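Asker: Pasting data_10.cif here (mmCIF, C-alpha atoms):
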```
data_run
loop_
_atom_site.label_atom_id
_atom_site.label_comp_id
_atom_site.auth_asym_id
_atom_site.auth_seq_id
_atom_site.Cartn_x
_atom_site.Cartn_y
_atom_site.Cartn_z
CA MET V 584 -251.82 -138.05 103.35
CA GLU V 585 -252.03 -134.28 103.04
CA ILE V 586 -250.96 -132.53 99.84
CA THR V 587 -249.32 -129.11 99.77
CA SER V 588 -249.67 -126.81 96.77
CA LEU V 589 -246.43 -125.03 95.84
CA LYS V 590 -244.86 -123.27 92.89
CA CYS V 591 -241.62 -124.36 91.27
CA ASN V 592 -238.96 -121.82 92.13
CA HIS V 593 -237.39 -122.37 88.69
CA CYS V 594 -240.30 -122.42 86.18
CA ALA V 595 -243.18 -121.15 88.40
CA ALA V 596 -245.35 -124.22 87.60
CA ASP V 597 -248.03 -125.17 90.12
CA LEU V 598 -247.04 -128.35 91.98
CA ASP V 599 -248.88 -130.60 94.39
CA VAL V 600 -246.50 -132.28 96.82
CA ASN V 601 -247.20 -134.85 99.54
CA GLN V 602 -246.57 -133.40 102.97
CA GLY V 603 -243.35 -134.67 104.60
CA ILE V 604 -241.37 -134.79 101.38
CA LYS V 605 -238.28 -132.60 101.51
CA PHE V 606 -236.73 -133.19 98.05
CA PHE V 607 -238.33 -133.81 94.66
CA ASN V 608 -238.04 -132.96 90.96
CA CYS V 609 -240.40 -130.54 89.21
CA SER V 610 -242.70 -132.52 86.90
CA TYR V 611 -242.56 -129.66 84.33
CA CYS V 612 -238.93 -128.45 84.09
CA GLY V 613 -237.17 -131.33 85.89
CA SER V 614 -235.33 -129.05 88.39
CA SER V 615 -234.24 -130.66 91.64
CA LEU V 616 -236.10 -128.84 94.40
CA THR V 617 -236.20 -128.76 98.15
CA ILE V 618 -239.07 -127.54 100.29
CA LYS V 619 -238.22 -124.65 102.63
CA GLU V 620 -240.21 -122.86 105.29
CA SER V 621 -239.51 -119.39 106.60
CA GLY V 622 -241.81 -117.29 108.76
CA GLY V 623 -244.75 -119.63 108.20
CA VAL V 624 -244.38 -119.48 104.39
CA VAL V 625 -243.64 -122.72 102.53
CA PHE V 626 -241.76 -122.49 99.21
CA THR V 627 -239.43 -124.41 96.93
CA GLU V 628 -235.78 -123.72 96.21
CA VAL V 629 -233.67 -125.07 93.38
CA ILE V 630 -231.00 -127.35 94.86
CA GLY V 631 -228.42 -126.26 92.27
CA GLU V 632 -228.75 -122.66 93.45
CA ILE V 633 -228.31 -123.77 97.06
CA LYS V 634 -225.19 -125.68 96.06
CA ALA V 635 -223.82 -122.69 94.13
CA ASN V 636 -224.52 -120.35 97.05
CA THR V 637 -222.92 -122.77 99.49
CA GLU V 638 -219.82 -123.10 97.28
CA ALA V 639 -219.55 -119.32 96.97
CA ILE V 640 -219.75 -118.96 100.75
CA LEU V 641 -217.15 -121.71 101.18
CA ASP V 642 -214.80 -120.09 98.63
CA ASN V 643 -215.19 -116.75 100.39
CA SER V 644 -214.47 -118.41 103.75
CA ASN V 645 -211.38 -120.11 102.33
CA LEU V 646 -210.17 -116.78 100.95
CA GLN V 647 -210.67 -115.11 104.33
CA LEU V 648 -208.77 -117.94 106.04
CA LEU V 649 -205.86 -117.45 103.67
CA GLU V 650 -205.91 -113.68 104.24
CA HIS V 651 -205.79 -114.26 108.00
CA GLU V 652 -202.95 -116.74 107.53
CA VAL V 653 -200.93 -114.13 105.59
CA GLU V 654 -201.55 -111.60 108.36
CA ARG V 655 -200.47 -114.18 110.96
CA ILE V 656 -197.17 -115.03 109.27
CA ASP V 657 -196.50 -111.30 108.77
CA ARG V 658 -196.88 -110.77 112.53
CA GLU V 659 -194.71 -113.82 113.26
CA TRP V 660 -192.01 -112.51 110.92
CA LEU V 661 -191.86 -109.21 112.80
CA LEU V 662 -191.12 -111.18 115.99
CA GLU V 663 -188.84 -113.73 114.31
CA ARG V 664 -186.58 -111.13 112.68
CA GLU V 665 -185.99 -109.18 115.89
CA PRO V 666 -182.93 -111.21 117.10
CA PHE V 667 -181.23 -110.63 113.74
CA MET V 668 -181.55 -106.86 113.83
CA VAL V 669 -178.45 -104.67 114.31
CA GLN V 670 -178.16 -101.17 115.69
CA LYS V 671 -177.23 -98.38 113.29
CA ASN V 672 -177.52 -94.73 114.29
CA GLY V 673 -179.66 -95.69 117.27
CA GLN V 674 -182.20 -97.67 115.21
CA SER V 675 -182.78 -101.39 114.73
CA VAL V 676 -182.20 -102.30 111.09
CA ALA V 677 -181.85 -105.52 109.15
CA PRO V 678 -178.24 -106.67 108.80
CA ASP V 679 -176.59 -106.26 105.45
CA SER V 680 -173.50 -107.74 103.85
CA GLY V 681 -171.86 -104.30 103.75
CA SER V 682 -171.43 -104.08 107.53
CA SER V 683 -169.37 -107.28 107.57
CA ALA V 684 -167.27 -106.01 104.67
CA GLY V 685 -166.66 -102.73 106.49
CA ILE V 686 -165.52 -104.51 109.63
CA THR V 687 -163.26 -106.79 107.59
CA PHE V 688 -161.70 -103.71 105.98
CA GLY V 689 -161.21 -102.23 109.45
CA VAL V 690 -159.47 -105.40 110.66
CA ILE V 691 -157.08 -105.36 107.73
CA THR V 692 -156.35 -101.66 108.19
CA ILE V 693 -155.68 -102.01 111.92
CA MET V 694 -153.50 -105.05 111.29
CA LEU V 695 -151.37 -103.15 108.76
CA LEU V 696 -151.08 -100.07 110.96
CA GLY V 697 -150.29 -102.22 113.98
CA ILE V 698 -147.59 -104.14 112.16
CA MET V 699 -146.05 -100.88 110.92
CA PHE V 700 -146.22 -99.42 114.44
CA PHE V 701 -144.74 -102.58 115.99
CA PHE V 702 -141.78 -102.62 113.59
CA SER V 703 -141.19 -98.91 114.01
CA ILE V 704 -140.98 -99.38 117.79
CA ALA V 705 -138.89 -102.52 117.52
CA GLY V 706 -136.50 -100.78 115.16
CA SER V 707 -136.12 -97.65 117.32
CA ASN V 708 -132.87 -97.10 119.14
CA SER V 709 -134.18 -96.82 122.65
CA PRO V 710 -131.20 -96.65 125.03
CA LYS V 711 -132.68 -98.85 127.77
CA GLY V 712 -135.33 -100.73 125.84
CA ASP V 713 -138.03 -98.97 127.85
CA VAL V 714 -140.66 -99.21 125.07
CA PRO V 715 -143.39 -101.59 126.38
CA ILE V 716 -143.65 -103.80 123.30
CA VAL V 717 -145.53 -106.71 124.92
CA PRO V 718 -148.54 -104.64 126.14
CA ILE V 719 -148.73 -102.83 122.80
CA LEU V 720 -148.60 -106.12 120.90
CA PHE V 721 -151.23 -107.62 123.23
CA GLY V 722 -153.52 -104.59 122.73
CA LEU V 723 -153.10 -104.83 118.97
CA LEU V 724 -153.85 -108.56 118.89
CA PHE V 725 -156.85 -108.10 121.23
CA THR V 726 -158.28 -105.35 119.03
CA ILE V 727 -157.84 -107.47 115.92
CA ALA V 728 -159.50 -110.47 117.62
CA VAL V 729 -162.49 -108.34 118.68
CA LEU V 730 -162.91 -106.94 115.18
CA ILE V 731 -162.64 -110.39 113.60
CA GLY V 732 -165.20 -111.76 116.08
CA THR V 733 -167.57 -108.88 115.38
CA SER V 734 -167.15 -109.34 111.65
CA MET V 735 -167.90 -113.07 111.91
CA SER V 736 -170.90 -112.40 114.16
CA ASN V 737 -172.33 -109.83 111.74
CA SER V 738 -171.70 -112.15 108.81
CA ASN V 739 -173.51 -115.00 110.61
CA LYS V 740 -176.41 -112.67 111.51
CA TYR V 741 -176.67 -111.55 107.91
CA ASN V 742 -176.67 -115.14 106.60
CA SER V 743 -179.21 -116.31 109.21
CA TYR V 744 -181.43 -113.29 108.57
CA THR V 745 -181.30 -113.85 104.81
CA LYS V 746 -182.24 -117.53 105.21
CA ALA V 747 -185.12 -116.77 107.62
CA LYS V 748 -186.42 -113.97 105.39
CA LYS V 749 -186.36 -116.24 102.32
CA GLU V 750 -188.38 -118.90 104.21
CA TYR V 751 -190.89 -116.26 105.32
CA GLU V 752 -191.21 -114.88 101.79
CA ASN V 753 -191.70 -118.39 100.35
CA ARG V 754 -194.49 -119.17 102.85
CA ARG V 755 -196.14 -115.81 102.16
CA ASN V 756 -195.87 -116.17 98.39
CA ASP V 757 -197.37 -119.68 98.56
CA LEU V 758 -200.40 -118.31 100.41
CA LEU V 759 -200.75 -115.38 98.00
CA ALA V 760 -200.65 -117.82 95.06
CA LYS V 761 -203.42 -119.89 96.67
CA MET V 762 -205.46 -116.72 97.15
CA GLU V 763 -205.03 -115.77 93.49
CA THR V 764 -206.08 -119.27 92.44
CA LEU V 765 -209.27 -119.02 94.54
CA LYS V 766 -210.03 -115.57 93.12
CA ALA V 767 -209.50 -116.82 89.56
CA GLU V 768 -211.81 -119.79 90.21
CA GLU V 769 -214.47 -117.45 91.59
CA GLN V 770 -214.30 -115.22 88.52
CA SER V 771 -214.46 -118.13 86.10
CA GLU V 772 -217.70 -119.43 87.61
#
```
Let me see the file written as structure tokens.
Answerer:
Amino acid sequence: MEITSLKCNHCAADLDVNQGIKFFNCSYCGSSLTIKESGGVVFTEVIGEIKANTEAILDNSNLQLLEHEVERIDREWLLEREPFMVQKNGQSVAPDSGSSAGITFGVITIMLLGIMFFFSIAGSNSPKGDVPIVPILFGLLFTIAVLIGTSMSNSNKYNSYTKAKKEYENRRNDLLAKMETLKAEEQSE
């Protein structure tokens, strides 16, 4: 059997190793070694260093995967939030609780004005009763119904948007926490 002369990559001791062996321990420092060949040169490498390098590469890969995952859920959120958006001054904006409150105030105001108008017409002394009360009352009730429906729709959009945004933020924060944990582990090593 042929013997190969090598140097320990850890302590630089001269070693004679049987050809065909891939792993062995240095007889001087006890380091676990592997035999490598690159460009026709044969040398030893400490297995612990290989393991450490491999773990560092793996940690870096895991960190990159998490970064890509954060970017992916950010892109998904931009698409997911679109149906919840409302138009204000010609721009799409996230719904807020104030728009529902404003519409509710409008409904109450129109109801009060309508009731006052209805009673003022009903109490007028029209000689022939030619004031069209039914169409006016229908118009008032229709307007109130539309405003109530709009208010409820905006309130539902706001609640749905808030729930979806909270879920998105929770997913994102979970990933960011995992990234921080990986970074802290890298720094402690």
Asker: Taking the file as shown, find all residues satisfying the PyMOL selection byres ((chain V and resi 663-668) around 12) and write them as a ChimeraX atom specification.
Answerer: /V:656-662,669-671,673-679,736-751
Asker: Next, the residues of the selection above should be written as an mmCIF file, keeping the file's coordinate frame with C-alpha atoms.
Answerer:
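The resulting selection.cif:
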```cif
data_model
loop_
_atom_site.group_PDB
_atom_site.id
_atom_site.type_symbol
_atom_site.label_atom_id
_atom_site.label_comp_id
_atom_site.auth_asym_id
_atom_site.auth_seq_id
_atom_site.Cartn_x
_atom_site.Cartn_y
_atom_site.Cartn_z
ATOM 1 C CA ILE V 656 -197.170 -115.030 109.270
ATOM 2 C CA ASP V 657 -196.500 -111.300 108.770
ATOM 3 C CA ARG V 658 -196.880 -110.770 112.530
ATOM 4 C CA GLU V 659 -194.710 -113.820 113.260
ATOM 5 C CA TRP V 660 -192.010 -112.510 110.920
ATOM 6 C CA LEU V 661 -191.860 -109.210 112.800
ATOM 7 C CA LEU V 662 -191.120 -111.180 115.990
ATOM 8 C CA VAL V 669 -178.450 -104.670 114.310
ATOM 9 C CA GLN V 670 -178.160 -101.170 115.690
ATOM 10 C CA LYS V 671 -177.230 -98.380 113.290
ATOM 11 C CA GLY V 673 -179.660 -95.690 117.270
ATOM 12 C CA GLN V 674 -182.200 -97.670 115.210
ATOM 13 C CA SER V 675 -182.780 -101.390 114.730
ATOM 14 C CA VAL V 676 -182.200 -102.300 111.090
ATOM 15 C CA ALA V 677 -181.850 -105.520 109.150
ATOM 16 C CA PRO V 678 -178.240 -106.670 108.800
ATOM 17 C CA ASP V 679 -176.590 -106.260 105.450
ATOM 18 C CA SER V 736 -170.900 -112.400 114.160
ATOM 19 C CA ASN V 737 -172.330 -109.830 111.740
ATOM 20 C CA SER V 738 -171.700 -112.150 108.810
ATOM 21 C CA ASN V 739 -173.510 -115.000 110.610
ATOM 22 C CA LYS V 740 -176.410 -112.670 111.510
ATOM 23 C CA TYR V 741 -176.670 -111.550 107.910
ATOM 24 C CA ASN V 742 -176.670 -115.140 106.600
ATOM 25 C CA SER V 743 -179.210 -116.310 109.210
ATOM 26 C CA TYR V 744 -181.430 -113.290 108.570
ATOM 27 C CA THR V 745 -181.300 -113.850 104.810
ATOM 28 C CA LYS V 746 -182.240 -117.530 105.210
ATOM 29 C CA ALA V 747 -185.120 -116.770 107.620
ATOM 30 C CA LYS V 748 -186.420 -113.970 105.390
ATOM 31 C CA LYS V 749 -186.360 -116.240 102.320
ATOM 32 C CA GLU V 750 -188.380 -118.900 104.210
ATOM 33 C CA TYR V 751 -190.890 -116.260 105.320
#
```
Asker: Kindly provide the residues of segment 612-641 of chain V that approach segment 588-598 of chain V to within 8 Å, each paired with its closest atom pair and their distance in Å to one decimal, based on only C-alpha atoms, listed by chain and increasing number, as CSV.
Answerer:
```
residue,atom,partner,partner_atom,distance
V:Cys612,CA,V:Cys594,CA,6.5
V:Ser614,CA,V:His593,CA,7.0
V:Leu616,CA,V:Cys591,CA,7.8
V:Val625,CA,V:Leu589,CA,7.6
V:Phe626,CA,V:Leu589,CA,6.3
V:Thr627,CA,V:Asn592,CA,5.5
V:Glu628,CA,V:Asn592,CA,5.5
V:Val629,CA,V:Asn592,CA,6.3
```
Asker: Record the distance separating atom CA of Gly622 of chain V and atom CA of Ile640 of chain V, expressed in Å with one decimal.
Answerer: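 We find that atom CA of Gly622 of chain V and atom CA of Ile640 of chain V lie 23.5 Å from each other.
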Asker: Determine, counting all atoms listed in the file, which protein, DNA and RNA residues have an atom within 12 Å of an atom of segment 601-603 of chain V; residues of the same chain fewer than 5 positions away are not included. Present the result as a PyMOL selection string.
Answerer: chain V and resi 584-589+617-619+625
Asker: Tell me, in Å to one decimal, how far atom CA of Ser771 of chain V is from atom CA of Leu758 of chain V.
Answerer: 20.1 Å
Asker: How many Å separate atom CA of Glu763 of chain V from atom CA of Ile630 of chain V?
Answerer: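 Between these atoms lies a distance of 28.5 Å.
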Asker: Please list as a ChimeraX atom specification every residue within 10 Å of Asn645 of chain V, counting only C-alpha atoms and excluding residues in the same chain fewer than 6 positions away.
Answerer: /V:639,651,761-762,765
Asker: Would you write out those residues with C-alpha atoms, as a PDB file, keeping the file's coordinate frame?
Answerer:
```
ATOM      1  CA  ALA V 639    -219.550-119.320  96.970  1.00  0.00           C
ATOM      2  CA  HIS V 651    -205.790-114.260 108.000  1.00  0.00           C
ATOM      3  CA  LYS V 761    -203.420-119.890  96.670  1.00  0.00           C
ATOM      4  CA  MET V 762    -205.460-116.720  97.150  1.00  0.00           C
ATOM      5  CA  LEU V 765    -209.270-119.020  94.540  1.00  0.00           C
TER       6      LEU V 765
END
```
Asker: Enumerate, as a ChimeraX atom specification, the residues matched when the PyMOL selection byres ((chain V and resi 642) around 12) is run on the file above.
Answerer: /V:635-641,643-649,761-770,772
Asker: Once N, CA and C atoms are restored for segment 734-747 of chain V, what would the output be as a PDB file, in the frame of the given file?
Answerer:
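Saved the output as result-v2.pdb:
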```pdb
ATOM      1  N   SER V 734    -166.917-109.126 113.073  1.00  0.00           N
ATOM      2  CA  SER V 734    -167.150-109.340 111.650  1.00  0.00           C
ATOM      3  C   SER V 734    -167.818-110.696 111.409  1.00  0.00           C
ATOM      4  N   MET V 735    -167.318-111.734 112.073  1.00  0.00           N
ATOM      5  CA  MET V 735    -167.900-113.070 111.910  1.00  0.00           C
ATOM      6  C   MET V 735    -169.333-113.099 112.444  1.00  0.00           C
ATOM      7  N   SER V 736    -169.560-112.440 113.580  1.00  0.00           N
ATOM      8  CA  SER V 736    -170.900-112.400 114.160  1.00  0.00           C
ATOM      9  C   SER V 736    -171.873-111.698 113.215  1.00  0.00           C
ATOM     10  N   ASN V 737    -171.465-110.554 112.668  1.00  0.00           N
ATOM     11  CA  ASN V 737    -172.330-109.830 111.740  1.00  0.00           C
ATOM     12  C   ASN V 737    -172.575-110.632 110.468  1.00  0.00           C
ATOM     13  N   SER V 738    -171.544-111.322 110.008  1.00  0.00           N
ATOM     14  CA  SER V 738    -171.700-112.150 108.810  1.00  0.00           C
ATOM     15  C   SER V 738    -172.695-113.291 109.077  1.00  0.00           C
ATOM     16  N   ASN V 739    -172.577-113.929 110.244  1.00  0.00           N
ATOM     17  CA  ASN V 739    -173.510-115.000 110.610  1.00  0.00           C
ATOM     18  C   ASN V 739    -174.935-114.459 110.756  1.00  0.00           C
ATOM     19  N   LYS V 740    -175.080-113.273 111.370  1.00  0.00           N
ATOM     20  CA  LYS V 740    -176.410-112.670 111.510  1.00  0.00           C
ATOM     21  C   LYS V 740    -177.009-112.391 110.139  1.00  0.00           C
ATOM     22  N   TYR V 741    -176.185-111.862 109.249  1.00  0.00           N
ATOM     23  CA  TYR V 741    -176.670-111.550 107.910  1.00  0.00           C
ATOM     24  C   TYR V 741    -177.124-112.831 107.203  1.00  0.00           C
ATOM     25  N   ASN V 742    -176.324-113.880 107.268  1.00  0.00           N
ATOM     26  CA  ASN V 742    -176.670-115.140 106.600  1.00  0.00           C
ATOM     27  C   ASN V 742    -177.934-115.760 107.210  1.00  0.00           C
ATOM     28  N   SER V 743    -178.027-115.751 108.544  1.00  0.00           N
ATOM     29  CA  SER V 743    -179.210-116.310 109.210  1.00  0.00           C
ATOM     30  C   SER V 743    -180.463-115.486 108.886  1.00  0.00           C
ATOM     31  N   TYR V 744    -180.310-114.178 108.894  1.00  0.00           N
ATOM     32  CA  TYR V 744    -181.430-113.290 108.570  1.00  0.00           C
ATOM     33  C   TYR V 744    -181.903-113.540 107.136  1.00  0.00           C
ATOM     34  N   THR V 745    -180.959-113.633 106.213  1.00  0.00           N
ATOM     35  CA  THR V 745    -181.300-113.850 104.810  1.00  0.00           C
ATOM     36  C   THR V 745    -182.043-115.170 104.633  1.00  0.00           C
ATOM     37  N   LYS V 746    -181.585-116.224 105.310  1.00  0.00           N
ATOM     38  CA  LYS V 746    -182.240-117.530 105.210  1.00  0.00           C
ATOM     39  C   LYS V 746    -183.666-117.469 105.793  1.00  0.00           C
ATOM     40  N   ALA V 747    -183.800-116.868 106.979  1.00  0.00           N
ATOM     41  CA  ALA V 747    -185.120-116.770 107.620  1.00  0.00           C
ATOM     42  C   ALA V 747    -186.074-115.926 106.780  1.00  0.00           C
TER      43      ALA V 747
END
```
